[in-house]
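Asker: Input run18.tsv, format and content: TSV, C-alpha atoms.
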chain	number	residue	atom	x	y	z
A	1	GLU	CA	-55.13	-30.24	29.42
A	2	THR	CA	-56.46	-29.01	26.06
A	3	GLY	CA	-60.07	-30.08	26.55
A	4	VAL	CA	-59.78	-32.33	23.48
A	5	THR	CA	-60.67	-35.94	24.17
A	6	GLN	CA	-60.18	-39.07	22.07
A	7	SER	CA	-61.39	-42.64	22.36
A	8	PRO	CA	-60.33	-45.32	22.64
A	9	THR	CA	-56.86	-44.88	24.10
A	10	HIS	CA	-55.51	-48.07	22.60
A	11	LEU	CA	-56.82	-50.43	19.96
A	12	ILE	CA	-55.59	-53.67	18.46
A	13	LYS	CA	-56.98	-54.83	15.11
A	14	THR	CA	-56.03	-57.39	12.49
A	15	ARG	CA	-55.19	-56.71	8.88
A	16	GLY	CA	-58.25	-56.17	6.70
A	17	GLN	CA	-60.52	-55.03	9.53
A	18	GLN	CA	-62.16	-51.64	9.87
A	19	VAL	CA	-61.75	-49.17	12.73
A	20	THR	CA	-63.50	-46.03	13.96
A	21	LEU	CA	-61.70	-43.50	16.15
A	22	ARG	CA	-63.49	-40.68	17.93
A	23	CYS	CA	-62.63	-37.16	18.94
A	24	SER	CA	-64.42	-34.50	20.94
A	25	SER	CA	-63.24	-30.96	20.26
A	26	GLN	CA	-62.47	-28.24	22.77
A	27	SER	CA	-65.50	-26.12	23.64
A	28	GLY	CA	-66.03	-23.34	21.09
A	29	HIS	CA	-63.87	-24.98	18.43
A	30	ASN	CA	-65.56	-25.76	15.11
A	31	THR	CA	-62.61	-27.30	13.27
A	32	VAL	CA	-60.98	-30.67	13.72
A	33	SER	CA	-57.88	-32.00	12.01
A	34	TRP	CA	-56.65	-35.59	12.05
A	35	TYR	CA	-53.01	-36.63	11.94
A	36	GLN	CA	-51.15	-39.94	11.83
A	37	GLN	CA	-47.88	-40.19	13.73
A	38	ALA	CA	-45.67	-43.18	13.06
A	39	LEU	CA	-42.96	-44.05	15.57
A	40	GLY	CA	-40.05	-41.60	15.39
A	41	GLN	CA	-41.81	-39.33	12.90
A	42	GLY	CA	-43.69	-36.07	13.03
A	43	PRO	CA	-47.48	-36.09	12.65
A	44	GLN	CA	-48.75	-36.36	9.06
A	45	PHE	CA	-51.93	-34.52	8.07
A	46	ILE	CA	-54.81	-36.79	7.08
A	47	PHE	CA	-57.72	-34.33	6.67
A	48	GLN	CA	-59.57	-31.47	8.29
A	49	TYR	CA	-63.27	-30.82	8.89
A	50	TYR	CA	-64.75	-27.36	9.32
A	51	ARG	CA	-68.43	-26.97	10.16
A	52	GLU	CA	-69.13	-30.57	9.11
A	53	GLU	CA	-67.48	-30.24	5.68
A	54	GLU	CA	-64.10	-31.60	4.60
A	55	ASN	CA	-61.71	-28.65	4.34
A	56	GLY	CA	-58.57	-30.25	2.97
A	57	ARG	CA	-57.00	-33.64	2.72
A	58	GLY	CA	-53.44	-34.93	2.89
A	59	ASN	CA	-51.82	-37.69	0.91
A	60	PHE	CA	-53.85	-40.58	2.32
A	61	PRO	CA	-55.91	-43.13	0.35
A	62	PRO	CA	-59.74	-43.04	0.26
A	63	ARG	CA	-59.98	-45.86	2.80
A	64	PHE	CA	-59.28	-43.12	5.33
A	65	SER	CA	-62.54	-41.21	5.76
A	66	GLY	CA	-64.06	-38.91	8.32
A	67	LEU	CA	-67.13	-37.22	9.67
A	68	GLN	CA	-67.82	-34.19	11.79
A	69	PHE	CA	-71.09	-33.88	13.66
A	70	PRO	CA	-73.19	-30.80	14.51
A	71	ASN	CA	-71.73	-30.77	18.03
A	72	TYR	CA	-68.28	-30.68	16.35
A	73	SER	CA	-67.26	-34.11	17.57
A	74	SER	CA	-65.57	-36.15	14.87
A	75	GLU	CA	-64.79	-39.65	13.65
A	76	LEU	CA	-61.92	-41.10	11.66
A	77	ASN	CA	-62.71	-44.34	9.85
A	78	VAL	CA	-60.10	-46.58	8.32
A	79	ASN	CA	-61.15	-49.53	6.15
A	80	ALA	CA	-59.11	-52.53	5.04
A	81	LEU	CA	-56.46	-52.02	7.68
A	82	GLU	CA	-52.84	-52.59	6.69
A	83	LEU	CA	-49.84	-53.25	8.91
A	84	ASP	CA	-48.45	-49.79	8.07
A	85	ASP	CA	-51.56	-48.19	9.57
A	86	SER	CA	-50.13	-48.95	13.01
A	87	ALA	CA	-49.51	-45.51	14.50
A	88	LEU	CA	-50.66	-42.88	16.97
A	89	TYR	CA	-53.74	-41.11	15.61
A	90	LEU	CA	-54.16	-37.56	16.79
A	91	CYS	CA	-57.01	-35.16	16.46
A	92	ALA	CA	-56.51	-31.44	16.88
A	93	SER	CA	-59.22	-28.86	17.42
A	94	SER	CA	-59.09	-25.21	16.47
A	95	THR	CA	-61.24	-22.23	15.56
A	96	ASP	CA	-61.36	-20.42	12.20
A	97	PRO	CA	-59.04	-22.41	9.91
A	98	PHE	CA	-58.74	-19.45	7.51
A	99	SER	CA	-57.03	-17.21	10.06
A	100	SER	CA	-53.24	-16.97	9.94
A	101	TYR	CA	-53.30	-17.03	13.74
A	102	ASN	CA	-55.15	-20.30	13.98
A	103	GLU	CA	-53.67	-22.65	16.58
A	104	GLN	CA	-54.32	-26.38	16.78
A	105	PHE	CA	-54.57	-28.20	20.10
A	106	PHE	CA	-54.12	-31.94	20.21
A	107	GLY	CA	-56.02	-34.60	22.06
A	108	PRO	CA	-54.22	-37.46	23.85
A	109	GLY	CA	-54.30	-39.70	20.78
A	110	THR	CA	-55.35	-43.25	19.98
A	111	ARG	CA	-52.63	-45.85	19.64
A	112	LEU	CA	-53.65	-48.28	16.88
A	113	THR	CA	-51.82	-51.56	16.43
A	114	VAL	CA	-52.57	-53.67	13.35
A	115	LEU	CA	-51.49	-57.31	13.53
B	1	GLN	CA	-42.69	-31.32	-1.66
B	2	LYS	CA	-42.80	-28.90	1.25
B	3	GLU	CA	-40.31	-29.84	3.91
B	4	VAL	CA	-39.57	-28.98	7.47
B	5	GLU	CA	-36.13	-30.04	8.66
B	6	GLN	CA	-34.95	-30.55	12.20
B	7	ASN	CA	-31.86	-32.14	13.68
B	8	SER	CA	-33.17	-35.35	15.23
B	9	GLY	CA	-30.66	-35.21	18.07
B	10	PRO	CA	-30.40	-36.33	20.72
B	11	LEU	CA	-29.38	-32.94	22.05
B	12	SER	CA	-27.97	-33.08	25.58
B	13	VAL	CA	-27.85	-29.89	27.66
B	14	PRO	CA	-26.78	-29.46	31.30
B	15	GLU	CA	-29.45	-28.36	33.76
B	16	GLY	CA	-29.59	-24.58	34.01
B	17	ALA	CA	-28.05	-24.00	30.57
B	18	ILE	CA	-29.73	-22.68	27.41
B	19	ALA	CA	-31.11	-25.26	24.98
B	20	SER	CA	-31.23	-24.14	21.35
B	21	LEU	CA	-33.43	-25.97	18.86
B	22	ASN	CA	-33.45	-25.17	15.16
B	23	CYS	CA	-35.81	-25.75	12.26
B	24	THR	CA	-35.63	-24.85	8.58
B	25	TYR	CA	-38.47	-24.90	6.07
B	26	SER	CA	-38.52	-25.03	2.31
B	27	ASP	CA	-41.65	-23.06	1.34
B	28	ARG	CA	-41.28	-19.26	1.28
B	29	GLY	CA	-45.08	-19.02	1.40
B	30	SER	CA	-45.15	-20.30	4.96
B	31	GLN	CA	-46.85	-17.86	7.29
B	32	SER	CA	-47.36	-19.44	10.69
B	33	PHE	CA	-44.83	-21.31	12.80
B	34	PHE	CA	-45.29	-23.43	15.88
B	35	TRP	CA	-43.29	-25.35	18.43
B	36	TYR	CA	-44.83	-28.37	20.09
B	37	ARG	CA	-43.40	-30.38	22.96
B	38	GLN	CA	-44.05	-34.12	23.02
B	39	TYR	CA	-43.21	-36.31	25.99
B	40	SER	CA	-42.61	-39.98	25.30
B	41	GLY	CA	-45.91	-41.78	24.79
B	42	LYS	CA	-47.93	-38.55	24.92
B	43	SER	CA	-49.45	-36.21	22.35
B	44	PRO	CA	-47.91	-32.92	21.15
B	45	GLU	CA	-48.48	-29.86	23.35
B	46	LEU	CA	-48.37	-26.37	21.82
B	47	ILE	CA	-45.77	-24.24	23.59
B	48	MET	CA	-45.07	-21.37	21.18
B	49	SER	CA	-46.50	-19.81	18.03
B	50	ILE	CA	-44.80	-17.08	16.01
B	51	TYR	CA	-46.02	-15.22	12.93
B	52	SER	CA	-43.64	-12.35	12.22
B	53	ASN	CA	-39.88	-11.90	12.02
B	54	GLY	CA	-38.04	-11.41	15.27
B	55	ASP	CA	-38.27	-12.83	18.76
B	56	LYS	CA	-41.24	-13.83	20.85
B	57	GLU	CA	-40.73	-14.58	24.53
B	58	ASP	CA	-42.96	-16.55	26.89
B	59	GLY	CA	-41.44	-17.34	30.25
B	60	ARG	CA	-38.31	-19.43	29.77
B	61	PHE	CA	-39.10	-19.95	26.07
B	62	THR	CA	-38.10	-17.67	23.19
B	63	ALA	CA	-39.06	-18.36	19.60
B	64	GLN	CA	-37.07	-16.68	16.84
B	65	LEU	CA	-38.21	-16.35	13.22
B	66	ASN	CA	-36.18	-15.31	10.19
B	67	LYS	CA	-38.31	-15.59	7.05
B	68	ALA	CA	-35.53	-14.42	4.72
B	69	SER	CA	-33.34	-17.31	5.83
B	70	GLN	CA	-36.32	-19.63	6.28
B	71	TYR	CA	-35.54	-20.76	9.77
B	72	VAL	CA	-37.23	-20.73	13.12
B	73	SER	CA	-35.63	-21.56	16.43
B	74	LEU	CA	-36.62	-22.19	20.02
B	75	LEU	CA	-34.47	-21.22	22.99
B	76	ILE	CA	-35.15	-22.68	26.42
B	77	ARG	CA	-33.43	-20.76	29.22
B	78	ASP	CA	-32.58	-22.27	32.61
B	79	SER	CA	-33.24	-25.77	31.27
B	80	GLN	CA	-34.91	-28.16	33.69
B	81	PRO	CA	-35.06	-31.98	33.64
B	82	SER	CA	-38.79	-31.64	32.95
B	83	ASP	CA	-37.88	-30.02	29.61
B	84	SER	CA	-36.56	-33.40	28.41
B	85	ALA	CA	-38.85	-34.26	25.50
B	86	THR	CA	-39.07	-34.24	21.72
B	87	TYR	CA	-39.67	-30.79	20.26
B	88	LEU	CA	-41.63	-30.64	17.01
B	89	CYS	CA	-41.47	-27.69	14.63
B	90	ALA	CA	-44.61	-27.14	12.56
B	91	VAL	CA	-45.31	-24.77	9.68
B	92	ARG	CA	-48.54	-23.62	8.06
B	93	ASP	CA	-48.97	-21.80	4.76
B	94	PHE	CA	-51.36	-18.91	4.28
B	95	GLY	CA	-54.78	-20.25	3.37
B	96	ASN	CA	-53.64	-23.81	3.96
B	97	GLU	CA	-55.39	-25.85	6.54
B	98	LYS	CA	-52.69	-28.31	7.44
B	99	LEU	CA	-49.64	-28.22	9.67
B	100	THR	CA	-46.44	-29.66	8.20
B	101	PHE	CA	-44.22	-31.09	10.92
B	102	GLY	CA	-40.55	-31.86	11.14
B	103	THR	CA	-39.44	-35.18	12.58
B	104	GLY	CA	-38.62	-33.55	15.92
B	105	THR	CA	-35.50	-33.00	18.02
B	106	ARG	CA	-35.06	-35.14	21.11
B	107	LEU	CA	-33.78	-32.99	23.98
B	108	THR	CA	-32.27	-34.41	27.17
B	109	ILE	CA	-31.50	-32.16	30.13
B	110	ILE	CA	-28.70	-33.60	32.26
B	111	PRO	CA	-29.03	-32.93	36.01
Please re-express this file's structure in structure tokens.

Answerer:
Amino acid sequence: ETGVTQSPTHLIKTRGQQVTLRCSSQSGHNTVSWYQQALGQGPQFIFQYYREEENGRGNFPPRFSGLQFPNYSSELNVNALELDDSALYLCASSTDPFSSYNEQFFGPGTRLTVL
Amino acid sequence: QKEVEQNSGPLSVPEGAIASLNCTYSDRGSQSFFWYRQYSGKSPELIMSIYSNGDKEDGRFTAQLNKASQYVSLLIRDSQPSDSATYLCAVRDFGNEKLTFGTGTRLTIIP
């Protein structure tokens, strides 16, 4: 167990809807990263938040947005859902993102299905 | 486009043998290297990190890094059926916040 929690576990939405996924970081970790993992693929980096500020973004459109709160919990919001958004969404918590020795620990993930 | 390449497998290894998993990466600026294990339907679990050339051992696992040849490998000694999973190689560049993952190698340990 990494101490990282995510909710909900599973979610079914229809195309065009909006969704919010939540993540609670491991105690003492001030950085959260979000990844999308399609079936049979490795996780793809969406963005990272460090001390409530966005600290890098991958190649995802603006309809993917996020927040990090003072208690270091985090949200991933996806607007105008598309069928290709169906995937496992993972959050990973870590400490100082500027250290070469930074390690990321994943939560259990949220399985999103878009119909 | 930075790439991390892994043989997708499946790789079948008899119980008790050594499983060898390989990963190559394209960016010479990469500084940090990780192996994650992912069971079917579960999230990735960090099993090894390595930052400098050479070998790093942790129990039955040994990670090997060769920056000149741009590859990193994972050896699993005395393979057990519980080692059957997909193994993901991940790479991070200095000053870069993201992990770049390979597609993973599916390992099956045959009893």

Asker: Fewer than 5 positions away in the same chain doesn't count, so skip those; otherwise give me all residues within 8 Å of A:Glu103, counting only C-alpha atoms, as a PyMOL selection string.

Answerer: (chain A and resi 94-95) or (chain B and resi 49)

Asker: Which residues of chain A are close to chain B, meaning at most 6 Å apart when you count only C-alpha atoms, and how do they look as a list in words?

Answerer: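 On the chain A side, the interface is Gln41, Gly42, Phe98 and Pro108 of chain A.
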
Asker: Rounded to one decimal place, report the atom CA of A:Ser24-atom CA of A:Gly40 distance in Å.

Answerer: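 Going from atom CA of A:Ser24 over to atom CA of A:Gly40, I get 26.0 Å.
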
Asker: Taking all atoms of stretch 74-91 of chain B that appear in the file, build a box with edges along x, y and z, extend it by 4 Å on every side, and state its centre and edge lengths in Å to one decimal, as AutoDock Vina command-line options.

Answerer:
--center_x -38.9 --center_y -27.5 --center_z 21.7 --size_x 20.7 --size_y 21.5 --size_z 32.0

Asker: When you count all atoms listed in the file, which of these residues is closest to B:Trp35: B:Ile47, B:Asp55, B:Arg60, B:Gly9?

Answerer: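 So, comparing all the options, the nearest one is B:Ile47.
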
Asker: Could you name the residues that touch B:Gly59 at 12 Å or less, counting all atoms listed in the file, but leaving out those on the same chain fewer than 5 positions away, as an MDAnalysis selection string?

Answerer: chainID B and resid 47:48 75:79

Asker: List the neighbours of A:Asn79 out to 12 Å using only C-alpha atoms; skip same-chain residues closer than 4 positions along the sequence, and give me the result as a PyMOL selection string.

Answerer: chain A and resi 13-21+61-66+85+114

Asker: May I have the residues from that selection written out with C-alpha atoms, as a compact mmCIF listing (two decimals), keeping the file's coordinate frame?

Answerer:
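That gives us again34.txt:
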# COMPACT_ATOMS: atom_id res chain seq x y z
CA LYS A 13 -56.98 -54.83 15.11
CA THR A 14 -56.03 -57.39 12.49
CA ARG A 15 -55.19 -56.71 8.88
CA GLY A 16 -58.25 -56.17 6.70
CA GLN A 17 -60.52 -55.03 9.53
CA GLN A 18 -62.16 -51.64 9.87
CA VAL A 19 -61.75 -49.17 12.73
CA THR A 20 -63.50 -46.03 13.96
CA LEU A 21 -61.70 -43.50 16.15
CA PRO A 61 -55.91 -43.13 0.35
CA PRO A 62 -59.74 -43.04 0.26
CA ARG A 63 -59.98 -45.86 2.80
CA PHE A 64 -59.28 -43.12 5.33
CA SER A 65 -62.54 -41.21 5.76
CA GLY A 66 -64.06 -38.91 8.32
CA ASP A 85 -51.56 -48.19 9.57
CA VAL A 114 -52.57 -53.67 13.35

Asker: For the atom pair atom CA of B:Pro81 and atom CA of B:Ile109, what is the interatomic distance in Å to one decimal place?

Answerer: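 Going from atom CA of B:Pro81 over to atom CA of B:Ile109 covers 5.0 Å.
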
Asker: So that I can see what lies close to B:Ala63, please list as a PyMOL selection string the residues with an atom at most 6 Å from it, counting all atoms listed in the file and leaving out residues fewer than 4 positions away in the same chain.

Answerer: chain B and resi 55-56+73-74

Asker: In Å, rounded to a single decimal, give me how far atom CA of A:Leu11 is from atom CA of A:Gly109.

Answerer: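 Between these atoms lies a distance of 11.1 Å.
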
Asker: Write out as a PyMOL selection string which residues come within 8 Å of stretch 28-31 of chain A when counting only C-alpha atoms, dropping same-chain ones fewer than 3 positions away.

Answerer: chain A and resi 25+48-51+72+93-97
